[in-house]
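Participant: Structure file entry-v8.pdb (PDB, C-alpha atoms) right here:
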ATOM      1  CA  MET A   8    -156.880 -77.430  11.835  1.00  0.00           C
ATOM      2  CA  ALA A   9    -154.978 -80.699  11.534  1.00  0.00           C
ATOM      3  CA  LEU A  10    -152.160 -81.160  14.035  1.00  0.00           C
ATOM      4  CA  SER A  11    -149.644 -81.683  11.224  1.00  0.00           C
ATOM      5  CA  GLU A  12    -150.476 -78.234   9.844  1.00  0.00           C
ATOM      6  CA  LEU A  13    -149.203 -76.670  13.069  1.00  0.00           C
ATOM      7  CA  ILE A  14    -145.683 -78.088  12.763  1.00  0.00           C
ATOM      8  CA  PRO A  15    -144.426 -75.322  10.411  1.00  0.00           C
ATOM      9  CA  LYS A  16    -145.813 -72.665  12.794  1.00  0.00           C
ATOM     10  CA  ILE A  17    -144.058 -74.284  15.746  1.00  0.00           C
ATOM     11  CA  ASP A  18    -140.836 -74.621  13.726  1.00  0.00           C
ATOM     12  CA  ASP A  19    -140.971 -70.903  12.837  1.00  0.00           C
ATOM     13  CA  ILE A  20    -141.285 -69.993  16.513  1.00  0.00           C
ATOM     14  CA  ILE A  21    -138.454 -72.289  17.563  1.00  0.00           C
ATOM     15  CA  HIS A  22    -136.060 -71.053  14.879  1.00  0.00           C
ATOM     16  CA  HIS A  23    -136.433 -67.304  15.587  1.00  0.00           C
ATOM     17  CA  LYS A  24    -133.001 -66.255  16.773  1.00  0.00           C
ATOM     18  CA  ASP A  25    -133.950 -62.931  18.371  1.00  0.00           C
ATOM     19  CA  VAL A  26    -136.736 -64.262  20.612  1.00  0.00           C
ATOM     20  CA  LEU A  27    -136.131 -65.313  24.207  1.00  0.00           C
ATOM     21  CA  LEU A  28    -136.925 -68.880  25.187  1.00  0.00           C
ATOM     22  CA  GLU A  29    -139.786 -67.898  27.501  1.00  0.00           C
ATOM     23  CA  GLU A  30    -141.448 -65.909  24.718  1.00  0.00           C
ATOM     24  CA  LYS A  31    -141.068 -68.862  22.340  1.00  0.00           C
ATOM     25  CA  LEU A  32    -142.846 -71.065  24.866  1.00  0.00           C
ATOM     26  CA  VAL A  33    -145.664 -68.521  25.261  1.00  0.00           C
ATOM     27  CA  GLN A  34    -146.062 -68.386  21.480  1.00  0.00           C
ATOM     28  CA  ILE A  35    -146.173 -72.198  21.271  1.00  0.00           C
ATOM     29  CA  CYS A  36    -148.898 -72.225  23.939  1.00  0.00           C
ATOM     30  CA  HIS A  37    -150.904 -69.720  21.886  1.00  0.00           C
ATOM     31  CA  VAL A  38    -150.508 -71.660  18.638  1.00  0.00           C
ATOM     32  CA  LEU A  39    -151.729 -74.860  20.283  1.00  0.00           C
ATOM     33  CA  ASN A  40    -154.541 -73.257  22.283  1.00  0.00           C
ATOM     34  CA  ASP A  41    -155.782 -71.109  19.401  1.00  0.00           C
ATOM     35  CA  ASN A  42    -155.712 -73.813  16.718  1.00  0.00           C
ATOM     36  CA  VAL A  43    -156.798 -77.031  18.419  1.00  0.00           C
ATOM     37  CA  ASP A  44    -160.411 -76.775  19.567  1.00  0.00           C
ATOM     38  CA  TYR A  45    -160.084 -79.248  22.431  1.00  0.00           C
ATOM     39  CA  TYR A  46    -156.808 -77.819  23.843  1.00  0.00           C
ATOM     40  CA  ASP A  47    -158.408 -75.609  26.501  1.00  0.00           C
ATOM     41  CA  TRP A  48    -155.376 -74.961  28.737  1.00  0.00           C
ATOM     42  CA  VAL A  49    -151.798 -75.254  27.478  1.00  0.00           C
ATOM     43  CA  GLY A  50    -148.802 -74.714  29.678  1.00  0.00           C
ATOM     44  CA  PHE A  51    -145.344 -75.745  30.742  1.00  0.00           C
ATOM     45  CA  TYR A  52    -144.004 -76.878  34.087  1.00  0.00           C
ATOM     46  CA  PHE A  53    -140.259 -77.056  34.702  1.00  0.00           C
ATOM     47  CA  VAL A  54    -138.115 -78.769  37.306  1.00  0.00           C
ATOM     48  CA  ASN A  55    -137.029 -76.352  40.037  1.00  0.00           C
ATOM     49  CA  GLY A  56    -133.254 -76.896  40.022  1.00  0.00           C
ATOM     50  CA  ASP A  57    -132.370 -79.760  42.370  1.00  0.00           C
ATOM     51  CA  LYS A  58    -135.663 -79.598  44.252  1.00  0.00           C
ATOM     52  CA  PRO A  59    -138.164 -82.423  43.661  1.00  0.00           C
ATOM     53  CA  GLU A  60    -140.831 -80.051  42.388  1.00  0.00           C
ATOM     54  CA  LEU A  61    -142.170 -78.434  39.246  1.00  0.00           C
ATOM     55  CA  LEU A  62    -142.669 -74.702  38.749  1.00  0.00           C
ATOM     56  CA  LEU A  63    -145.335 -73.296  36.462  1.00  0.00           C
ATOM     57  CA  GLY A  64    -143.844 -71.731  33.364  1.00  0.00           C
ATOM     58  CA  PRO A  65    -145.521 -70.020  30.423  1.00  0.00           C
ATOM     59  CA  TYR A  66    -149.148 -70.967  29.839  1.00  0.00           C
ATOM     60  CA  VAL A  67    -152.354 -69.913  28.098  1.00  0.00           C
ATOM     61  CA  GLY A  68    -155.763 -70.417  29.673  1.00  0.00           C
ATOM     62  CA  GLU A  69    -157.442 -69.837  33.008  1.00  0.00           C
ATOM     63  CA  SER A  70    -155.123 -68.852  35.816  1.00  0.00           C
ATOM     64  CA  THR A  71    -154.149 -71.623  38.194  1.00  0.00           C
ATOM     65  CA  GLU A  72    -153.162 -71.704  41.831  1.00  0.00           C
ATOM     66  CA  HIS A  73    -150.972 -74.740  41.099  1.00  0.00           C
ATOM     67  CA  THR A  74    -147.707 -72.888  40.523  1.00  0.00           C
ATOM     68  CA  VAL A  75    -145.593 -75.446  42.425  1.00  0.00           C
ATOM     69  CA  ILE A  76    -146.231 -79.178  42.098  1.00  0.00           C
ATOM     70  CA  PRO A  77    -144.231 -81.722  44.127  1.00  0.00           C
ATOM     71  CA  PHE A  78    -142.872 -84.726  42.242  1.00  0.00           C
ATOM     72  CA  GLY A  79    -145.381 -87.571  42.435  1.00  0.00           C
ATOM     73  CA  LYS A  80    -148.392 -85.328  43.085  1.00  0.00           C
ATOM     74  CA  GLY A  81    -151.040 -84.980  40.394  1.00  0.00           C
ATOM     75  CA  ILE A  82    -150.607 -85.972  36.774  1.00  0.00           C
ATOM     76  CA  CYS A  83    -147.716 -83.551  36.224  1.00  0.00           C
ATOM     77  CA  GLY A  84    -145.924 -84.746  39.340  1.00  0.00           C
ATOM     78  CA  GLN A  85    -146.360 -88.356  38.245  1.00  0.00           C
ATOM     79  CA  VAL A  86    -144.821 -87.610  34.831  1.00  0.00           C
ATOM     80  CA  ALA A  87    -141.865 -85.955  36.585  1.00  0.00           C
ATOM     81  CA  VAL A  88    -141.237 -89.333  38.265  1.00  0.00           C
ATOM     82  CA  SER A  89    -142.230 -91.783  35.496  1.00  0.00           C
ATOM     83  CA  ASN A  90    -140.594 -89.868  32.606  1.00  0.00           C
ATOM     84  CA  GLU A  91    -143.446 -91.074  30.379  1.00  0.00           C
ATOM     85  CA  THR A  92    -146.336 -89.380  28.623  1.00  0.00           C
ATOM     86  CA  PHE A  93    -149.581 -89.699  30.555  1.00  0.00           C
ATOM     87  CA  ILE A  94    -152.980 -89.448  28.843  1.00  0.00           C
ATOM     88  CA  VAL A  95    -155.918 -89.160  31.234  1.00  0.00           C
ATOM     89  CA  PRO A  96    -159.272 -89.788  29.508  1.00  0.00           C
ATOM     90  CA  ASP A  97    -161.279 -88.931  32.653  1.00  0.00           C
ATOM     91  CA  VAL A  98    -159.590 -86.831  35.325  1.00  0.00           C
ATOM     92  CA  SER A  99    -162.345 -87.634  37.854  1.00  0.00           C
ATOM     93  CA  ALA A 100    -161.270 -91.294  37.757  1.00  0.00           C
ATOM     94  CA  GLN A 101    -157.705 -90.449  38.907  1.00  0.00           C
ATOM     95  CA  ASP A 102    -157.035 -90.722  42.636  1.00  0.00           C
ATOM     96  CA  ASN A 103    -153.945 -88.512  42.399  1.00  0.00           C
ATOM     97  CA  TYR A 104    -155.452 -85.774  40.216  1.00  0.00           C
ATOM     98  CA  ILE A 105    -155.022 -82.124  41.254  1.00  0.00           C
ATOM     99  CA  ALA A 106    -158.231 -80.379  40.239  1.00  0.00           C
ATOM    100  CA  CYS A 107    -157.502 -77.076  38.550  1.00  0.00           C
ATOM    101  CA  SER A 108    -161.026 -76.417  37.324  1.00  0.00           C
ATOM    102  CA  ILE A 109    -164.341 -78.265  37.344  1.00  0.00           C
ATOM    103  CA  THR A 110    -164.456 -77.793  33.570  1.00  0.00           C
ATOM    104  CA  VAL A 111    -161.379 -80.000  32.965  1.00  0.00           C
ATOM    105  CA  LYS A 112    -162.429 -83.476  31.855  1.00  0.00           C
ATOM    106  CA  SER A 113    -159.233 -84.925  30.336  1.00  0.00           C
ATOM    107  CA  GLU A 114    -155.521 -84.176  30.271  1.00  0.00           C
ATOM    108  CA  ILE A 115    -152.267 -85.064  28.542  1.00  0.00           C
ATOM    109  CA  VAL A 116    -148.815 -84.438  29.986  1.00  0.00           C
ATOM    110  CA  VAL A 117    -145.664 -84.982  27.919  1.00  0.00           C
ATOM    111  CA  PRO A 118    -142.163 -84.799  29.427  1.00  0.00           C
ATOM    112  CA  ILE A 119    -139.382 -82.666  27.976  1.00  0.00           C
ATOM    113  CA  PHE A 120    -135.854 -84.066  28.117  1.00  0.00           C
ATOM    114  CA  ALA A 121    -132.604 -82.175  27.638  1.00  0.00           C
ATOM    115  CA  ASN A 122    -129.247 -83.935  27.708  1.00  0.00           C
ATOM    116  CA  GLY A 123    -131.017 -87.104  28.844  1.00  0.00           C
ATOM    117  CA  LYS A 124    -132.645 -85.446  31.866  1.00  0.00           C
ATOM    118  CA  ASN A 125    -136.356 -84.729  32.432  1.00  0.00           C
ATOM    119  CA  ILE A 126    -136.399 -80.930  32.720  1.00  0.00           C
ATOM    120  CA  GLY A 127    -140.125 -80.289  32.464  1.00  0.00           C
ATOM    121  CA  GLN A 128    -143.291 -80.982  30.571  1.00  0.00           C
ATOM    122  CA  ILE A 129    -146.102 -79.639  28.514  1.00  0.00           C
ATOM    123  CA  ASP A 130    -149.504 -79.990  30.164  1.00  0.00           C
ATOM    124  CA  ILE A 131    -152.746 -79.722  28.193  1.00  0.00           C
ATOM    125  CA  ASP A 132    -156.252 -79.821  29.644  1.00  0.00           C
ATOM    126  CA  SER A 133    -159.485 -80.316  27.760  1.00  0.00           C
ATOM    127  CA  HIS A 134    -163.111 -79.661  28.671  1.00  0.00           C
ATOM    128  CA  ILE A 135    -164.007 -82.743  26.622  1.00  0.00           C
ATOM    129  CA  PRO A 136    -163.787 -86.241  28.124  1.00  0.00           C
ATOM    130  CA  ASP A 137    -161.332 -88.604  26.398  1.00  0.00           C
ATOM    131  CA  ALA A 138    -160.092 -85.808  24.135  1.00  0.00           C
ATOM    132  CA  PHE A 139    -156.535 -87.041  23.560  1.00  0.00           C
ATOM    133  CA  ASN A 140    -155.281 -89.941  21.464  1.00  0.00           C
ATOM    134  CA  GLU A 141    -152.073 -91.367  20.012  1.00  0.00           C
ATOM    135  CA  MET A 142    -151.960 -88.635  17.344  1.00  0.00           C
ATOM    136  CA  ASP A 143    -151.909 -85.950  20.057  1.00  0.00           C
ATOM    137  CA  GLN A 144    -149.255 -87.904  21.912  1.00  0.00           C
ATOM    138  CA  GLN A 145    -146.958 -88.216  18.885  1.00  0.00           C
ATOM    139  CA  PHE A 146    -147.524 -84.596  17.886  1.00  0.00           C
ATOM    140  CA  LEU A 147    -146.733 -83.283  21.371  1.00  0.00           C
ATOM    141  CA  GLU A 148    -143.760 -85.593  21.839  1.00  0.00           C
ATOM    142  CA  ASP A 149    -142.350 -84.229  18.570  1.00  0.00           C
ATOM    143  CA  ILE A 150    -142.856 -80.658  19.786  1.00  0.00           C
ATOM    144  CA  CYS A 151    -141.219 -81.474  23.125  1.00  0.00           C
ATOM    145  CA  ALA A 152    -138.219 -82.946  21.283  1.00  0.00           C
ATOM    146  CA  LYS A 153    -137.871 -79.669  19.371  1.00  0.00           C
ATOM    147  CA  ILE A 154    -138.158 -77.656  22.596  1.00  0.00           C
ATOM    148  CA  SER A 155    -135.533 -79.843  24.280  1.00  0.00           C
ATOM    149  CA  ARG A 156    -133.040 -78.849  21.601  1.00  0.00           C
ATOM    150  CA  LEU A 157    -133.526 -75.197  22.590  1.00  0.00           C
ATOM    151  CA  PHE A 158    -132.287 -76.042  26.078  1.00  0.00           C
ATOM    152  CA  GLU A 159    -129.482 -78.271  24.799  1.00  0.00           C
ATOM    153  CA  ASP A 160    -128.320 -75.672  22.271  1.00  0.00           C
ATOM    154  CA  SER A 161    -128.155 -73.021  24.978  1.00  0.00           C
ATOM    155  CA  GLY A 162    -125.758 -75.183  26.973  1.00  0.00           C
ATOM    156  CA  SER A 163    -127.846 -74.664  30.095  1.00  0.00           C
ATOM    157  CA  THR A 164    -128.946 -77.499  32.333  1.00  0.00           C
ATOM    158  CA  SER A 165    -131.091 -75.263  34.515  1.00  0.00           C
ATOM    159  CA  THR A 166    -134.540 -74.273  33.362  1.00  0.00           C
ATOM    160  CA  LYS A 167    -134.628 -71.582  36.060  1.00  0.00           C
ATOM    161  CA  GLU A 168    -131.678 -69.854  34.363  1.00  0.00           C
ATOM    162  CA  GLU A 169    -133.253 -70.131  30.930  1.00  0.00           C
ATOM    163  CA  LEU A 170    -136.628 -68.733  31.955  1.00  0.00           C
ATOM    164  CA  ALA A 171    -135.363 -66.015  34.284  1.00  0.00           C
TER     165      ALA A 171
END
Would you give me this structure, written as structure tokens?
Facilitator:
Amino acid sequence: MALSELIPKIDDIIHHKDVLLEEKLVQICHVLNDNVDYYDWVGFYFVNGDKPELLLGPYVGESTEHTVIPFGKGICGQVAVSNETFIVPDVSAQDNYIACSITVKSEIVVPIFANGKNIGQIDIDSHIPDAFNEMDQQFLEDICAKISRLFEDSGSTSTKEELA
């Protein structure tokens, strides 16, 4: 399925009024994982209040022991510091990569901003080397912009409050 065909599905999830934010994020993970062949693990990490660390949020895929990631550590931790999307064509070539599974070959991490602040990110792993390109980046950045509005509209600045 073309990435653009998933936008209406994502929009439907985001605009459901009677669904909690965490459930919306789980549904988004499922839509992406189920409809994009090379999206093998899809999940969210969110900033842990004022602590310089990320906490694992909703995800779909193999379980991971990486439920807390310090800023600067691994690809996700680097994105928490750089505030920029990071595409990794070959995870084995990254010195600062946190190995979640030997099957992961490439990764993309896209930050989520709310009220001008990096509050978290979407993290996607693939079992295919060099799986992600500029189309994935634009698509996921658009989705993250939509998700950021959920946090902004709620008036909350704490992801812990929103996902509790």
Participant: Using all atoms listed in the file, can you tell me which of A:Lys31, A:Lys124, A:Lys112, A:His73 comes closest to Ile154 in chain A?
Facilitator: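 Once distances to Ile154 in chain A are computed over all atoms listed in the file, the minimum belongs to A:Lys31.
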Participant: Pull out every residue that the PyMOL selection byres ((chain A and resi 129) around 9) matches in the shown coordinates and put them as a compact mmCIF listing (two decimals) with C-alpha atoms, in the frame of the given file.
Facilitator:
# COMPACT_ATOMS: atom_id res chain seq x y z
CA VAL A 49 -151.80 -75.25 27.48
CA GLY A 50 -148.80 -74.71 29.68
CA PHE A 51 -145.34 -75.74 30.74
CA TYR A 52 -144.00 -76.88 34.09
CA PHE A 53 -140.26 -77.06 34.70
CA CYS A 83 -147.72 -83.55 36.22
CA ILE A 115 -152.27 -85.06 28.54
CA VAL A 116 -148.82 -84.44 29.99
CA VAL A 117 -145.66 -84.98 27.92
CA PRO A 118 -142.16 -84.80 29.43
CA ILE A 119 -139.38 -82.67 27.98
CA GLY A 127 -140.12 -80.29 32.46
CA GLN A 128 -143.29 -80.98 30.57
CA ASP A 130 -149.50 -79.99 30.16
CA ILE A 131 -152.75 -79.72 28.19
CA LEU A 147 -146.73 -83.28 21.37
CA CYS A 151 -141.22 -81.47 23.12
Participant: Rounded to one decimal place, report the CA of Ser11 in chain A-CA of His37 in chain A distance in Å.
Facilitator: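 Taking CA of Ser11 in chain A as the start and CA of His37 in chain A as the end point, the length is 16.1 Å.
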Participant: To one decimal in Å, tell me the separation between CA of Glu30 in chain A and CA of Gly123 in chain A.
Facilitator: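 These atoms are spaced 24.0 Å apart.
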Participant: To verify the selection step, state as a list in words which residues the PyMOL selection byres ((chain A and resi 75) around 8) yields on this input.
Facilitator: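 When the PyMOL selection byres ((chain A and resi 75) around 8) is applied to the shown file, the picked residues are Glu60, Leu61, Leu62, Leu63, His73, Thr74, Ile76 and Pro77 of chain A.
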Participant: Exactly which residues make up the result of the PyMOL selection byres ((chain A and resi 18) around 12) on this file, given as a list in words?
Facilitator: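 Selected by the PyMOL selection byres ((chain A and resi 18) around 12) here: Ser11, Glu12, Leu13, Ile14, Pro15, Lys16, Ile17, Asp19, Ile20, Ile21, His22, His23, Lys24, Lys31, Leu32, Gln34, Ile35, Val38, Asp149, Ile150, Cys151, Ala152, Lys153, Ile154, Arg156 and Leu157 of chain A.
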Participant: In Å, with one decimal, what is the gap from CA of Met142 in chain A to CA of Ile94 in chain A?
Facilitator: 11.6 Å
Participant: Would you mind telling me which residue in A:Asn125, A:Gln85, A:Ser155, A:Glu148 lies nearest to Asp57 in chain A when using only C-alpha atoms?
Facilitator: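 Result for the nearest residue to Asp57 in chain A: A:Asn125.
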Participant: Give me the residues within 9 Å of Pro136 in chain A as a PyMOL selection string, counting all atoms listed in the file and dropping any in the same chain fewer than 4 places off.
Facilitator: chain A and resi 95-98+111-114
Participant: Find the axis-aligned box for range 83-93 of chain A, covering all its listed atoms and adding 5 Å on each side, and write its centre and edge lengths in Å to one decimal as lines of an AutoDock Vina configuration file.
Facilitator:
center_x = -145.1
center_y = -87.7
center_z = 34.0
size_x = 19.0
size_y = 18.2
size_z = 20.7
Participant: Please tell me which residues are no farther than 9 Å from (-156.6, -74.9, 36.4) in the file, counting all atoms listed in the file, and write them as a list of chain:residue names.
Facilitator: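 Residues lying no farther than 9 Å from the given point: A:Trp48, A:Gly68, A:Glu69, A:Ser70, A:Thr71, A:Glu72, A:His73, A:Ile105, A:Ala106, A:Cys107, A:Ser108, A:Ile109, A:Thr110, A:Val111, A:Asp132.
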Participant: Quick one: of A:Ile82, A:Glu159, A:Phe146, A:Val67, who's nearest to Val33 in chain A, counting all atoms listed in the file?
Facilitator: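 Closest candidate: A:Val67.
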Participant: Between A:Phe120, A:Leu10, A:Gly84, A:Asp137, which residue has the minimum interatomic distance to Ala100 in chain A, considering all atoms listed in the file?
Facilitator: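 Looking only at the distances to Ala100 in chain A, the closest residue turns out to be A:Asp137.
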Participant: Which of these residues is nearest to Glu141 in chain A, using all atoms listed in the file: A:Gly81, A:Tyr66, A:Pro59, A:Thr92?
Facilitator: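 Checking each candidate against Glu141 in chain A, we get A:Thr92 as the closest.
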Participant: Using the incomplete input, complete range 131-161 of chain A to the level of N, CA and C atoms; output as a CSV table (one decimal), in the coordinates of the input.
Facilitator:
chain,number,residue,atom,x,y,z
A,131,ILE,N,-151.6,-80.2,28.9
A,131,ILE,CA,-152.7,-79.7,28.2
A,131,ILE,C,-154.0,-80.3,28.8
A,132,ASP,N,-154.9,-79.4,29.1
A,132,ASP,CA,-156.3,-79.8,29.6
A,132,ASP,C,-157.3,-79.6,28.6
A,133,SER,N,-158.3,-80.4,28.7
A,133,SER,CA,-159.5,-80.3,27.8
A,133,SER,C,-160.8,-80.4,28.6
A,134,HIS,N,-161.8,-79.6,28.1
A,134,HIS,CA,-163.1,-79.7,28.7
A,134,HIS,C,-163.9,-80.8,28.1
A,135,ILE,N,-163.3,-81.6,27.3
A,135,ILE,CA,-164.0,-82.7,26.6
A,135,ILE,C,-163.4,-84.0,27.2
A,136,PRO,N,-164.3,-85.0,27.6
A,136,PRO,CA,-163.8,-86.2,28.1
A,136,PRO,C,-163.1,-87.0,27.0
A,137,ASP,N,-162.0,-87.7,27.3
A,137,ASP,CA,-161.3,-88.6,26.4
A,137,ASP,C,-160.9,-87.9,25.1
A,138,ALA,N,-160.4,-86.7,25.3
A,138,ALA,CA,-160.1,-85.8,24.1
A,138,ALA,C,-158.8,-86.2,23.4
A,139,PHE,N,-157.9,-86.8,24.1
A,139,PHE,CA,-156.5,-87.0,23.6
A,139,PHE,C,-156.3,-88.5,23.1
A,140,ASN,N,-155.6,-88.6,22.0
A,140,ASN,CA,-155.3,-89.9,21.5
A,140,ASN,C,-153.8,-90.0,21.1
A,141,GLU,N,-153.5,-91.1,20.4
A,141,GLU,CA,-152.1,-91.4,20.0
A,141,GLU,C,-151.5,-90.3,19.1
A,142,MET,N,-152.4,-89.7,18.2
A,142,MET,CA,-152.0,-88.6,17.3
A,142,MET,C,-151.5,-87.4,18.2
A,143,ASP,N,-152.3,-87.1,19.2
A,143,ASP,CA,-151.9,-86.0,20.1
A,143,ASP,C,-150.6,-86.3,20.7
A,144,GLN,N,-150.5,-87.5,21.2
A,144,GLN,CA,-149.3,-87.9,21.9
A,144,GLN,C,-148.0,-87.8,21.0
A,145,GLN,N,-148.1,-88.3,19.8
A,145,GLN,CA,-147.0,-88.2,18.9
A,145,GLN,C,-146.6,-86.8,18.5
A,146,PHE,N,-147.7,-86.0,18.2
A,146,PHE,CA,-147.5,-84.6,17.9
A,146,PHE,C,-146.8,-83.8,19.0
A,147,LEU,N,-147.3,-84.0,20.2
A,147,LEU,CA,-146.7,-83.3,21.4
A,147,LEU,C,-145.3,-83.8,21.7
A,148,GLU,N,-145.1,-85.1,21.6
A,148,GLU,CA,-143.8,-85.6,21.8
A,148,GLU,C,-142.8,-85.0,20.8
A,149,ASP,N,-143.2,-84.9,19.6
A,149,ASP,CA,-142.4,-84.2,18.6
A,149,ASP,C,-142.0,-82.8,18.9
A,150,ILE,N,-143.1,-82.1,19.4
A,150,ILE,CA,-142.9,-80.7,19.8
A,150,ILE,C,-141.9,-80.6,21.0
A,151,CYS,N,-142.1,-81.5,22.0
A,151,CYS,CA,-141.2,-81.5,23.1
A,151,CYS,C,-139.8,-81.8,22.7
A,152,ALA,N,-139.6,-82.7,21.8
A,152,ALA,CA,-138.2,-82.9,21.3
A,152,ALA,C,-137.6,-81.7,20.7
A,153,LYS,N,-138.4,-80.9,20.0
A,153,LYS,CA,-137.9,-79.7,19.4
A,153,LYS,C,-137.5,-78.7,20.5
A,154,ILE,N,-138.4,-78.6,21.5
A,154,ILE,CA,-138.2,-77.7,22.6
A,154,ILE,C,-136.9,-78.1,23.4
A,155,SER,N,-136.7,-79.4,23.5
A,155,SER,CA,-135.5,-79.8,24.3
A,155,SER,C,-134.3,-79.4,23.6
A,156,ARG,N,-134.2,-79.3,22.3
A,156,ARG,CA,-133.0,-78.8,21.6
A,156,ARG,C,-132.7,-77.4,21.9
A,157,LEU,N,-133.8,-76.6,22.2
A,157,LEU,CA,-133.5,-75.2,22.6
A,157,LEU,C,-132.7,-75.1,23.9
A,158,PHE,N,-133.0,-76.0,24.8
A,158,PHE,CA,-132.3,-76.0,26.1
A,158,PHE,C,-130.9,-76.6,25.9
A,159,GLU,N,-130.8,-77.7,25.1
A,159,GLU,CA,-129.5,-78.3,24.8
A,159,GLU,C,-128.6,-77.3,24.0
A,160,ASP,N,-129.1,-76.6,23.1
A,160,ASP,CA,-128.3,-75.7,22.3
A,160,ASP,C,-127.8,-74.5,23.1
A,161,SER,N,-128.6,-74.2,24.1
A,161,SER,CA,-128.2,-73.0,25.0
A,161,SER,C,-127.0,-73.4,25.9
